[in-house]
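What follows is the content of query06.tsv, which has TSV, C-alpha atoms:
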chain	number	residue	atom	x	y	z
A	1	MET	CA	-48.63	22.83	-6.53
A	2	ASP	CA	-46.65	25.38	-4.54
A	3	ILE	CA	-42.90	26.07	-4.76
A	4	ASP	CA	-41.94	23.84	-1.78
A	5	GLU	CA	-43.63	20.78	-3.32
A	6	GLN	CA	-41.90	21.44	-6.66
A	7	VAL	CA	-38.49	21.52	-4.94
A	8	ILE	CA	-39.21	18.26	-3.08
A	9	ASN	CA	-40.37	16.52	-6.27
A	10	GLN	CA	-37.34	17.77	-8.19
A	11	ASN	CA	-34.96	16.48	-5.48
A	12	SER	CA	-36.65	13.08	-5.38
A	13	LYS	CA	-36.36	12.70	-9.18
A	14	GLU	CA	-32.64	13.51	-9.06
A	15	ALA	CA	-32.12	11.00	-6.25
A	16	GLU	CA	-33.52	8.16	-8.37
A	17	PHE	CA	-30.68	8.47	-10.89
A	18	ASP	CA	-27.94	9.55	-8.50
A	19	ILE	CA	-25.07	7.04	-8.74
A	20	PRO	CA	-22.90	7.22	-5.61
A	21	SER	CA	-19.26	8.07	-6.18
A	22	SER	CA	-16.35	6.31	-4.50
A	23	HIS	CA	-16.28	9.14	-1.92
A	24	ASP	CA	-19.87	8.38	-0.88
A	25	ILE	CA	-19.25	4.66	-0.34
A	26	LEU	CA	-17.68	3.91	3.02
A	27	SER	CA	-14.76	1.50	2.82
A	28	THR	CA	-13.83	-0.38	5.97
A	29	ASP	CA	-10.44	-1.24	4.44
A	30	ARG	CA	-9.50	2.40	4.08
A	31	ALA	CA	-10.68	3.20	7.60
A	32	THR	CA	-8.65	0.43	9.24
A	33	ILE	CA	-5.57	0.35	7.02
A	34	LEU	CA	-5.03	4.08	6.84
A	35	PRO	CA	-6.02	5.65	10.15
A	36	SER	CA	-5.20	9.24	10.96
A	37	VAL	CA	-1.72	9.46	12.45
A	38	ASP	CA	-2.99	12.06	14.93
A	39	ASP	CA	-5.86	9.87	16.14
A	40	SER	CA	-4.09	6.93	17.76
A	41	SER	CA	-7.39	5.48	19.03
A	42	SER	CA	-8.34	4.45	15.47
A	43	SER	CA	-4.94	2.90	14.69
A	44	ILE	CA	-4.34	-0.79	14.15
A	45	VAL	CA	-2.82	-2.43	17.21
A	46	PHE	CA	-0.09	-5.07	16.92
A	47	ASN	CA	1.25	-6.79	20.05
A	48	GLY	CA	-0.38	-4.10	22.18
A	49	LYS	CA	1.12	-1.13	20.32
A	50	HIS	CA	-0.09	1.13	17.54
A	51	LEU	CA	1.74	0.63	14.24
A	52	GLN	CA	3.36	4.08	14.43
A	53	GLN	CA	5.03	3.12	17.73
A	54	LEU	CA	6.46	-0.28	16.74
A	55	THR	CA	10.15	-0.98	17.26
A	56	SER	CA	12.19	-3.96	16.08
A	57	GLU	CA	11.92	-5.52	19.55
A	58	ASP	CA	8.12	-5.47	19.32
A	59	VAL	CA	7.99	-7.26	15.96
A	60	ILE	CA	10.94	-9.68	15.88
A	61	GLY	CA	9.82	-13.10	17.06
A	62	SER	CA	6.18	-12.53	16.16
A	63	GLN	CA	4.42	-15.34	14.31
A	64	PHE	CA	2.02	-15.32	11.36
A	65	GLU	CA	-0.16	-18.22	10.26
A	66	THR	CA	0.46	-17.63	6.53
A	67	LEU	CA	2.86	-15.73	4.30
A	68	THR	CA	-0.08	-13.61	3.12
A	69	ASP	CA	-0.74	-12.53	6.72
A	70	ALA	CA	2.87	-11.42	7.07
A	71	GLU	CA	2.74	-9.48	3.80
A	72	ASN	CA	-0.56	-7.84	4.78
A	73	PHE	CA	0.90	-6.75	8.11
A	74	TYR	CA	3.91	-5.08	6.48
A	75	SER	CA	1.73	-3.52	3.80
A	76	ASN	CA	-0.58	-2.06	6.46
A	77	TYR	CA	2.42	-0.87	8.46
A	78	SER	CA	3.99	0.81	5.41
A	79	LYS	CA	0.69	2.47	4.51
A	80	VAL	CA	0.29	3.94	8.00
A	81	MET	CA	3.92	5.08	8.12
A	82	GLY	CA	4.01	6.53	4.59
A	83	PHE	CA	6.27	4.42	2.38
A	84	SER	CA	5.93	1.87	-0.39
A	85	ILE	CA	7.21	-1.71	-0.24
A	86	ARG	CA	8.44	-4.30	-2.73
A	87	LYS	CA	9.39	-7.96	-2.56
A	88	ASN	CA	13.14	-8.45	-2.32
A	89	ASP	CA	14.36	-11.92	-1.44
A	90	ARG	CA	12.89	-15.40	-1.55
A	91	ARG	CA	14.59	-18.63	-0.52
A	92	TYR	CA	13.50	-22.21	-0.96
A	93	ASP	CA	14.03	-25.42	1.00
A	94	ASN	CA	15.07	-28.77	-0.50
A	95	ASP	CA	11.46	-29.53	-1.44
A	96	GLY	CA	11.17	-26.32	-3.46
A	97	GLN	CA	8.87	-24.66	-0.93
A	98	THR	CA	9.42	-21.05	0.13
A	99	ASN	CA	10.97	-20.88	3.60
A	100	VAL	CA	12.25	-17.27	3.69
A	101	ARG	CA	10.57	-14.13	2.38
A	102	ARG	CA	11.80	-10.54	2.62
A	103	TRP	CA	10.21	-7.18	1.81
A	104	VAL	CA	12.00	-3.85	1.66
A	105	CYS	CA	11.22	-0.17	1.22
A	106	ASN	CA	10.95	0.64	-2.49
A	107	ARG	CA	13.81	3.14	-2.05
A	108	GLU	CA	16.24	0.41	-0.96
A	109	GLY	CA	19.48	0.02	-2.95
A	110	GLU	CA	21.05	2.46	-5.36
A	111	ARG	CA	21.10	3.11	-9.09
A	112	ALA	CA	23.85	1.31	-10.99
A	113	LYS	CA	26.87	3.54	-11.67
A	114	LYS	CA	26.80	2.77	-15.39
A	115	TYR	CA	23.53	4.72	-15.60
A	116	VAL	CA	24.68	7.59	-13.40
A	117	GLU	CA	28.09	8.16	-15.01
A	118	ARG	CA	27.16	7.92	-18.71
A	119	LYS	CA	29.13	10.36	-20.88
A	120	ASP	CA	26.97	9.97	-24.01
A	121	ARG	CA	23.71	10.96	-22.28
A	122	ILE	CA	21.24	12.79	-24.53
A	123	ARG	CA	18.13	12.92	-22.35
A	124	GLU	CA	17.95	14.34	-18.86
A	125	PRO	CA	18.42	11.50	-16.32
A	126	ARG	CA	15.43	10.33	-14.33
A	127	ALA	CA	15.17	11.41	-10.70
A	128	ILE	CA	17.06	9.28	-8.19
A	129	THR	CA	14.61	6.94	-6.48
A	130	ARG	CA	16.96	4.50	-4.73
A	131	VAL	CA	18.66	6.06	-1.69
A	132	LYS	CA	20.02	3.01	0.20
A	133	CYS	CA	17.03	2.86	2.53
A	134	PRO	CA	17.68	0.14	5.16
A	135	ALA	CA	14.00	-0.53	6.08
A	136	ALA	CA	13.19	-4.24	5.75
A	137	PHE	CA	10.92	-7.02	7.00
A	138	ARG	CA	11.79	-10.72	6.77
A	139	VAL	CA	10.00	-13.88	7.88
A	140	LYS	CA	11.18	-17.48	8.04
A	141	MET	CA	9.12	-20.66	8.13
A	142	ASN	CA	9.26	-22.57	11.41
A	143	LYS	CA	8.45	-26.09	10.23
A	144	LYS	CA	8.08	-27.51	13.75
A	145	VAL	CA	5.19	-25.18	14.53
A	146	GLY	CA	4.06	-24.46	10.95
A	147	THR	CA	4.11	-20.68	11.29
A	148	TRP	CA	6.11	-17.79	9.80
A	149	VAL	CA	8.40	-16.13	12.33
A	150	VAL	CA	9.74	-12.59	11.94
A	151	ASN	CA	13.55	-12.61	12.15
A	152	GLN	CA	14.24	-9.11	10.77
A	153	PHE	CA	12.40	-5.82	11.13
A	154	ILE	CA	14.20	-2.53	10.45
A	155	PRO	CA	11.92	0.51	10.89
A	156	GLU	CA	14.50	3.23	10.08
A	157	HIS	CA	14.49	5.05	6.72
A	158	SER	CA	17.10	7.19	4.98
A	159	HIS	CA	14.51	9.48	3.37
A	160	GLU	CA	11.41	11.48	4.25
A	161	LEU	CA	8.18	9.54	4.51
A	162	ALA	CA	5.06	10.46	2.54
A	163	MET	CA	2.39	12.69	4.02
A	164	ASN	CA	-1.14	11.31	4.60
A	165	TYR	CA	-2.51	12.79	1.38
A	166	GLU	CA	0.41	11.37	-0.67
A	167	ILE	CA	0.15	7.75	0.49
A	168	LYS	CA	-2.57	6.77	-2.01
A	169	PHE	CA	-0.15	7.59	-4.86
A	170	LEU	CA	2.64	5.26	-3.65
A	171	ARG	CA	3.11	2.28	-5.94
A	172	SER	CA	2.30	-0.54	-3.52
A	173	HIS	CA	-0.82	1.28	-2.25
A	174	ARG	CA	-2.35	2.23	-5.59
A	175	SER	CA	-5.29	-0.04	-6.26
A	176	VAL	CA	-8.85	0.09	-7.55
A	177	LYS	CA	-11.35	-0.74	-4.82
A	178	ASP	CA	-13.98	-3.42	-5.49
A	179	CYS	CA	-16.79	-0.86	-5.12
A	180	ASP	CA	-15.17	1.44	-7.70
A	181	MET	CA	-14.63	-1.45	-10.12
A	182	ALA	CA	-18.26	-2.57	-9.73
A	183	GLN	CA	-19.47	0.96	-10.39
A	184	ALA	CA	-17.28	1.33	-13.51
A	185	THR	CA	-18.45	-2.06	-14.82
A	186	ALA	CA	-22.10	-1.14	-14.30
A	187	MET	CA	-21.61	2.18	-16.09
A	188	LYS	CA	-19.90	0.40	-19.01
A	189	THR	CA	-22.74	-2.15	-19.19
A	190	VAL	CA	-25.39	0.55	-19.62
A	191	GLY	CA	-23.42	2.17	-22.45
A	192	ILE	CA	-21.48	4.99	-20.82
A	193	LYS	CA	-18.27	5.62	-22.73
A	194	TYR	CA	-14.91	5.00	-21.05
A	195	PRO	CA	-13.74	8.67	-21.01
A	196	ASN	CA	-16.97	9.62	-19.21
A	197	ILE	CA	-16.48	6.82	-16.65
A	198	ARG	CA	-13.01	8.10	-15.74
A	199	SER	CA	-14.11	11.69	-15.18

Written as C-alpha coordinates, how would this file's structure read?
Amino acid sequence: MDIDEQVINQNSKEAEFDIPSSHDILSTDRATILPSVDDSSSSIVFNGKHLQQLTSEDVIGSQFETLTDAENFYSNYSKVMGFSIRKNDRRYDNDGQTNVRRWVCNREGERAKKYVERKDRIREPRAITRVKCPAAFRVKMNKKVGTWVVNQFIPEHSHELAMNYEIKFLRSHRSVKDCDMAQATAMKTVGIKYPNIRS
(Lines of atoms letter the chains of each structure in order from A and count residues from 1; the text may use other names and numbers.)
(Lines give C-alpha, C1' and ligand atoms only; values in the text may rest on other atoms or scores of the structure.)
Protein backbone atom coordinates (compact mmCIF):
# COMPACT_ATOMS: atom_id res chain seq x y z
CA MET A 1 0.00 0.00 0.00
CA ASP A 2 1.57 3.28 -1.06
CA ILE A 3 1.33 6.64 0.73
CA ASP A 4 -1.57 7.99 -1.39
CA GLU A 5 -3.78 4.98 -0.57
CA GLN A 6 -2.98 5.34 3.14
CA VAL A 7 -4.05 9.00 3.09
CA ILE A 8 -7.31 8.14 1.29
CA ASN A 9 -8.10 5.33 3.75
CA GLN A 10 -7.32 7.55 6.72
CA ASN A 11 -9.63 10.32 5.40
CA SER A 12 -12.47 7.86 4.77
CA LYS A 13 -12.21 6.47 8.33
CA GLU A 14 -12.38 9.97 9.80
CA ALA A 15 -15.41 10.80 7.65
CA GLU A 16 -17.38 7.87 9.10
CA PHE A 17 -17.33 9.41 12.59
CA ASP A 18 -17.42 13.07 11.58
CA ILE A 19 -20.48 14.69 13.20
CA PRO A 20 -21.42 17.88 11.33
CA SER A 21 -21.40 21.05 13.39
CA SER A 22 -24.11 23.71 13.25
CA HIS A 23 -21.90 25.66 10.81
CA ASP A 24 -21.93 22.75 8.34
CA ILE A 25 -25.72 22.38 8.35
CA LEU A 26 -27.43 24.85 6.06
CA SER A 27 -30.41 26.57 7.66
CA THR A 28 -33.01 28.07 5.35
CA ASP A 29 -34.39 30.12 8.25
CA ARG A 30 -31.10 31.89 8.78
CA ALA A 31 -30.68 32.53 5.05
CA THR A 32 -34.12 34.10 4.63
CA ILE A 33 -34.56 35.85 7.97
CA LEU A 34 -31.11 37.38 8.16
CA PRO A 35 -29.97 38.32 4.66
CA SER A 36 -26.90 40.44 4.09
CA VAL A 37 -27.84 44.12 4.26
CA ASP A 38 -25.50 44.80 1.33
CA ASP A 39 -27.09 42.15 -0.89
CA SER A 40 -30.62 43.44 -1.39
CA SER A 41 -31.41 40.66 -3.89
CA SER A 42 -31.51 38.10 -1.06
CA SER A 43 -33.68 40.25 1.22
CA ILE A 44 -37.24 39.44 2.18
CA VAL A 45 -39.74 41.48 0.19
CA PHE A 46 -42.87 42.93 1.80
CA ASN A 47 -45.42 44.81 -0.32
CA GLY A 48 -42.84 45.08 -3.10
CA LYS A 49 -40.05 46.53 -0.95
CA HIS A 50 -37.09 45.05 0.88
CA LEU A 51 -37.42 45.15 4.68
CA GLN A 52 -34.57 47.67 5.02
CA GLN A 53 -36.51 50.16 2.84
CA LEU A 54 -39.92 49.96 4.55
CA THR A 55 -41.59 53.15 5.73
CA SER A 56 -44.72 53.54 7.86
CA GLU A 57 -46.78 54.23 4.72
CA ASP A 58 -45.74 50.86 3.26
CA VAL A 59 -46.79 48.86 6.32
CA ILE A 60 -49.82 50.65 7.82
CA GLY A 61 -53.01 49.11 6.47
CA SER A 62 -51.39 45.78 5.65
CA GLN A 63 -53.30 42.67 6.70
CA PHE A 64 -52.14 39.41 8.30
CA GLU A 65 -54.15 36.21 8.50
CA THR A 66 -53.08 35.42 12.08
CA LEU A 67 -51.46 37.17 15.03
CA THR A 68 -48.49 34.80 14.68
CA ASP A 69 -47.96 36.00 11.10
CA ALA A 70 -47.86 39.60 12.30
CA GLU A 71 -45.39 38.76 15.06
CA ASN A 72 -43.19 36.80 12.65
CA PHE A 73 -43.12 39.73 10.24
CA TYR A 74 -41.98 42.18 12.92
CA SER A 75 -39.47 39.69 14.28
CA ASN A 76 -37.98 39.21 10.80
CA TYR A 77 -37.97 42.97 10.25
CA SER A 78 -36.20 43.60 13.57
CA LYS A 79 -33.64 40.90 12.84
CA VAL A 80 -32.77 42.39 9.46
CA MET A 81 -32.62 45.93 10.87
CA GLY A 82 -30.62 45.02 13.99
CA PHE A 83 -32.78 45.45 17.08
CA SER A 84 -34.62 43.27 19.57
CA ILE A 85 -38.37 43.35 20.20
CA ARG A 86 -40.68 42.63 23.12
CA LYS A 87 -44.44 42.41 23.59
CA ASN A 88 -45.87 45.60 25.04
CA ASP A 89 -49.64 45.96 24.99
CA ARG A 90 -52.57 43.59 24.64
CA ARG A 91 -56.25 44.49 24.66
CA TYR A 92 -59.31 42.29 24.77
CA ASP A 93 -62.85 42.56 23.44
CA ASN A 94 -66.02 41.85 25.42
CA ASP A 95 -65.68 38.12 24.73
CA GLY A 96 -62.19 38.03 26.24
CA GLN A 97 -60.49 37.56 22.86
CA THR A 98 -57.39 39.55 21.94
CA ASN A 99 -58.25 42.34 19.50
CA VAL A 100 -55.14 44.58 19.77
CA ARG A 101 -51.50 43.55 20.03
CA ARG A 102 -48.43 45.79 20.15
CA TRP A 103 -44.69 45.11 19.98
CA VAL A 104 -41.94 47.61 20.71
CA CYS A 105 -38.17 47.87 20.55
CA ASN A 106 -36.65 46.39 23.72
CA ARG A 107 -35.06 49.80 24.43
CA GLU A 108 -38.47 51.51 24.68
CA GLY A 109 -39.28 53.39 27.90
CA GLU A 110 -36.91 54.51 30.61
CA ARG A 111 -35.62 53.26 33.94
CA ALA A 112 -37.68 54.32 36.95
CA LYS A 113 -36.18 57.34 38.75
CA LYS A 114 -36.22 55.55 42.11
CA TYR A 115 -33.51 53.22 40.75
CA VAL A 116 -31.47 55.98 39.12
CA GLU A 117 -31.48 58.45 42.03
CA ARG A 118 -30.81 56.08 44.95
CA LYS A 119 -28.58 57.65 47.62
CA ASP A 120 -27.84 54.40 49.50
CA ARG A 121 -26.40 52.59 46.47
CA ILE A 122 -23.64 50.10 47.30
CA ARG A 123 -23.14 48.33 43.98
CA GLU A 124 -22.38 50.00 40.68
CA PRO A 125 -25.66 50.57 38.77
CA ARG A 126 -26.40 48.44 35.75
CA ALA A 127 -25.96 49.99 32.32
CA ILE A 128 -28.92 52.00 31.01
CA THR A 129 -30.85 49.85 28.54
CA ARG A 130 -34.07 51.85 28.14
CA VAL A 131 -33.56 55.02 26.07
CA LYS A 132 -37.15 56.03 25.14
CA CYS A 133 -36.97 54.34 21.74
CA PRO A 134 -40.20 55.13 19.83
CA ALA A 135 -40.09 52.11 17.43
CA ALA A 136 -43.35 50.16 17.59
CA PHE A 137 -45.66 47.86 15.63
CA ARG A 138 -49.36 47.40 16.43
CA VAL A 139 -52.12 45.35 14.83
CA LYS A 140 -55.87 45.34 15.41
CA MET A 141 -58.39 42.63 14.61
CA ASN A 142 -60.85 43.49 11.84
CA LYS A 143 -63.78 41.25 12.75
CA LYS A 144 -65.68 41.92 9.51
CA VAL A 145 -62.88 40.44 7.41
CA GLY A 146 -61.27 38.24 10.08
CA THR A 147 -57.74 39.57 9.59
CA TRP A 148 -55.22 41.57 11.63
CA VAL A 149 -54.67 45.06 10.26
CA VAL A 150 -51.57 47.14 11.00
CA ASN A 151 -52.57 50.51 12.48
CA GLN A 152 -49.16 51.61 13.82
CA PHE A 153 -45.64 51.17 12.50
CA ILE A 154 -42.83 53.45 13.71
CA PRO A 155 -39.45 52.57 12.14
CA GLU A 156 -37.36 55.30 13.85
CA HIS A 157 -35.02 54.49 16.75
CA SER A 158 -33.31 56.69 19.33
CA HIS A 159 -30.20 54.50 19.51
CA GLU A 160 -27.69 52.78 17.25
CA LEU A 161 -28.78 49.51 15.71
CA ALA A 162 -26.76 46.30 16.06
CA MET A 163 -24.25 45.26 13.44
CA ASN A 164 -24.79 42.03 11.45
CA TYR A 165 -22.46 39.99 13.66
CA GLU A 166 -24.15 41.26 16.86
CA ILE A 167 -27.74 40.41 15.91
CA LYS A 168 -27.55 36.76 17.02
CA PHE A 169 -26.85 37.95 20.59
CA LEU A 170 -29.99 40.14 20.86
CA ARG A 171 -32.51 38.72 23.29
CA SER A 172 -35.44 38.15 20.93
CA HIS A 173 -33.17 36.51 18.32
CA ARG A 174 -31.27 34.13 20.59
CA SER A 175 -32.58 30.63 20.03
CA VAL A 176 -31.34 27.08 19.62
CA LYS A 177 -32.00 25.77 16.14
CA ASP A 178 -33.77 22.41 15.74
CA CYS A 179 -30.71 20.90 14.02
CA ASP A 180 -28.45 21.97 16.92
CA MET A 181 -30.90 20.59 19.49
CA ALA A 182 -31.13 17.26 17.62
CA GLN A 183 -27.35 17.03 17.48
CA ALA A 184 -26.97 17.77 21.21
CA THR A 185 -29.68 15.21 22.07
CA ALA A 186 -27.98 12.55 19.96
CA MET A 187 -24.62 13.25 21.59
CA LYS A 188 -26.21 13.02 25.06
CA THR A 189 -27.90 9.71 24.13
CA VAL A 190 -24.59 8.08 23.19
CA GLY A 191 -23.03 9.13 26.51
CA ILE A 192 -21.12 12.31 25.73
CA LYS A 193 -20.97 14.51 28.81
CA TYR A 194 -22.70 17.91 28.81
CA PRO A 195 -19.51 20.04 29.07
CA ASN A 196 -18.13 18.26 25.99
CA ILE A 197 -21.38 18.86 24.07
CA ARG A 198 -21.19 22.62 24.70
CA SER A 199 -17.60 22.97 23.51

(request) Choose the residue, out of A:Val116, A:Met81, A:Ile122, A:Ile128, that has the smallest atom-to-atom separation from Glu166 (chain A); count all atoms listed in the file. (result)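 Distance minimum relative to Glu166 (chain A) lands on A:Met81.
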
(message) Please report the interatomic distance between CA of Ile154 (chain A) and CA of Arg111 (chain A) in Å with one decimal.
(response)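 CA of Arg111 (chain A) lies at a distance of 21.5 Å from CA of Ile154 (chain A).
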
(request) Find the residue from A:His159, A:Ala127, A:Asp120, A:Arg198 that sits nearest to Glu108 (chain A); use only C-alpha atoms when measuring. (result) A:His159

(message) Quick check, in Å to one decimal: how far apart do CA of Asn99 (chain A) and CA of Glu57 (chain A) lie?
(response)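 Separation of CA of Asn99 (chain A) and CA of Glu57 (chain A): 22.2 Å.
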
(request) Kindly give the distance, in Å, that separates CA of Gly146 (chain A) and CA of Gly96 (chain A), rounded to a single decimal. (result)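 For CA of Gly146 (chain A) relative to CA of Gly96 (chain A), the distance reads 16.2 Å.
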
Closest contacts (region 37-144 of chain A/region 173-196 of chain A, max 9 Å, all atoms listed in the file) as a tab-separated table:
residue	atom	partner	partner_atom	distance
A:Ser75	CA	A:His173	CA	8.1
A:Lys79	CA	A:His173	CA	7.0
A:Ser84	CA	A:His173	CA	7.0
A:Ile85	CA	A:His173	CA	8.8

(request) Tell me which of A:Ala162, A:Met141, A:Gly109, A:Glu156 sits closest to Arg90 (chain A), counting all atoms listed in the file. (result) A:Met141

(message) Considering all atoms listed in the file, can you say which of A:Arg107, A:Lys113, A:Lys132, A:Lys140 comes closest to Asp89 (chain A)?
(response)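 Between A:Arg107, A:Lys113, A:Lys132, A:Lys140, the residue approaching Asp89 (chain A) most closely is A:Lys140.
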
(message) Let me make sure I understand: among A:Asn164, A:Asn94, A:Asn142, A:Ser78, which one has the smallest atom-to-atom distance to Gly61 (chain A) if we use all atoms listed in the file?
(response) A:Asn142

(request) Quick one: everything within 12 Å of Phe64 (chain A), counting all atoms listed in the file, minus sequence neighbours fewer than 6 positions away in the same chain. Send it as an MDAnalysis selection string. (result) chainID A and resid 46 70:74 138:142 145:151

Please complete region 86-100 of chain A with N, CA, C and O atoms and give it back as a PDB file, in the coordinates of the input.
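Listed below is the output, selection.pdb:
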ATOM      1  N   ARG A  86       8.320  -3.358  -1.612  1.00  0.00           N
ATOM      2  CA  ARG A  86       8.440  -4.300  -2.730  1.00  0.00           C
ATOM      3  C   ARG A  86       9.076  -5.581  -2.214  1.00  0.00           C
ATOM      4  O   ARG A  86       9.798  -5.584  -1.213  1.00  0.00           O
ATOM      5  N   LYS A  87       8.805  -6.670  -2.919  1.00  0.00           N
ATOM      6  CA  LYS A  87       9.390  -7.960  -2.560  1.00  0.00           C
ATOM      7  C   LYS A  87      10.857  -7.946  -2.943  1.00  0.00           C
ATOM      8  O   LYS A  87      11.218  -7.457  -4.009  1.00  0.00           O
ATOM      9  N   ASN A  88      11.709  -8.532  -2.086  1.00  0.00           N
ATOM     10  CA  ASN A  88      13.140  -8.450  -2.320  1.00  0.00           C
ATOM     11  C   ASN A  88      13.808  -9.804  -2.431  1.00  0.00           C
ATOM     12  O   ASN A  88      14.503 -10.068  -3.395  1.00  0.00           O
ATOM     13  N   ASP A  89      13.610 -10.659  -1.479  1.00  0.00           N
ATOM     14  CA  ASP A  89      14.360 -11.920  -1.440  1.00  0.00           C
ATOM     15  C   ASP A  89      13.415 -13.065  -1.133  1.00  0.00           C
ATOM     16  O   ASP A  89      12.473 -12.914  -0.353  1.00  0.00           O
ATOM     17  N   ARG A  90      13.699 -14.198  -1.781  1.00  0.00           N
ATOM     18  CA  ARG A  90      12.890 -15.400  -1.550  1.00  0.00           C
ATOM     19  C   ARG A  90      13.830 -16.592  -1.578  1.00  0.00           C
ATOM     20  O   ARG A  90      14.601 -16.751  -2.532  1.00  0.00           O
ATOM     21  N   ARG A  91      13.747 -17.433  -0.570  1.00  0.00           N
ATOM     22  CA  ARG A  91      14.590 -18.630  -0.520  1.00  0.00           C
ATOM     23  C   ARG A  91      13.722 -19.863  -0.396  1.00  0.00           C
ATOM     24  O   ARG A  91      12.625 -19.807   0.154  1.00  0.00           O
ATOM     25  N   TYR A  92      14.257 -20.966  -0.899  1.00  0.00           N
ATOM     26  CA  TYR A  92      13.500 -22.210  -0.960  1.00  0.00           C
ATOM     27  C   TYR A  92      14.209 -23.302  -0.169  1.00  0.00           C
ATOM     28  O   TYR A  92      15.440 -23.296  -0.044  1.00  0.00           O
ATOM     29  N   ASP A  93      13.429 -24.263   0.331  1.00  0.00           N
ATOM     30  CA  ASP A  93      14.030 -25.420   1.000  1.00  0.00           C
ATOM     31  C   ASP A  93      14.299 -26.514  -0.036  1.00  0.00           C
ATOM     32  O   ASP A  93      14.133 -26.309  -1.243  1.00  0.00           O
ATOM     33  N   ASN A  94      14.726 -27.673   0.414  1.00  0.00           N
ATOM     34  CA  ASN A  94      15.070 -28.770  -0.500  1.00  0.00           C
ATOM     35  C   ASN A  94      13.874 -29.303  -1.279  1.00  0.00           C
ATOM     36  O   ASN A  94      14.041 -29.919  -2.333  1.00  0.00           O
ATOM     37  N   ASP A  95      12.669 -29.076  -0.758  1.00  0.00           N
ATOM     38  CA  ASP A  95      11.460 -29.530  -1.440  1.00  0.00           C
ATOM     39  C   ASP A  95      10.934 -28.505  -2.433  1.00  0.00           C
ATOM     40  O   ASP A  95       9.904 -28.731  -3.069  1.00  0.00           O
ATOM     41  N   GLY A  96      11.609 -27.364  -2.553  1.00  0.00           N
ATOM     42  CA  GLY A  96      11.170 -26.320  -3.460  1.00  0.00           C
ATOM     43  C   GLY A  96      10.111 -25.405  -2.890  1.00  0.00           C
ATOM     44  O   GLY A  96       9.529 -24.600  -3.607  1.00  0.00           O
ATOM     45  N   GLN A  97       9.855 -25.515  -1.588  1.00  0.00           N
ATOM     46  CA  GLN A  97       8.870 -24.660  -0.930  1.00  0.00           C
ATOM     47  C   GLN A  97       9.560 -23.404  -0.372  1.00  0.00           C
ATOM     48  O   GLN A  97      10.698 -23.470   0.091  1.00  0.00           O
ATOM     49  N   THR A  98       8.865 -22.291  -0.410  1.00  0.00           N
ATOM     50  CA  THR A  98       9.420 -21.050   0.130  1.00  0.00           C
ATOM     51  C   THR A  98       9.586 -21.185   1.635  1.00  0.00           C
ATOM     52  O   THR A  98       8.660 -21.600   2.335  1.00  0.00           O
ATOM     53  N   ASN A  99      10.773 -20.864   2.145  1.00  0.00           N
ATOM     54  CA  ASN A  99      10.970 -20.880   3.600  1.00  0.00           C
ATOM     55  C   ASN A  99      11.481 -19.553   4.151  1.00  0.00           C
ATOM     56  O   ASN A  99      11.527 -19.369   5.359  1.00  0.00           O
ATOM     57  N   VAL A 100      11.852 -18.614   3.263  1.00  0.00           N
ATOM     58  CA  VAL A 100      12.250 -17.270   3.690  1.00  0.00           C
ATOM     59  C   VAL A 100      11.678 -16.262   2.707  1.00  0.00           C
ATOM     60  O   VAL A 100      11.760 -16.467   1.495  1.00  0.00           O
TER      61      VAL A 100
END
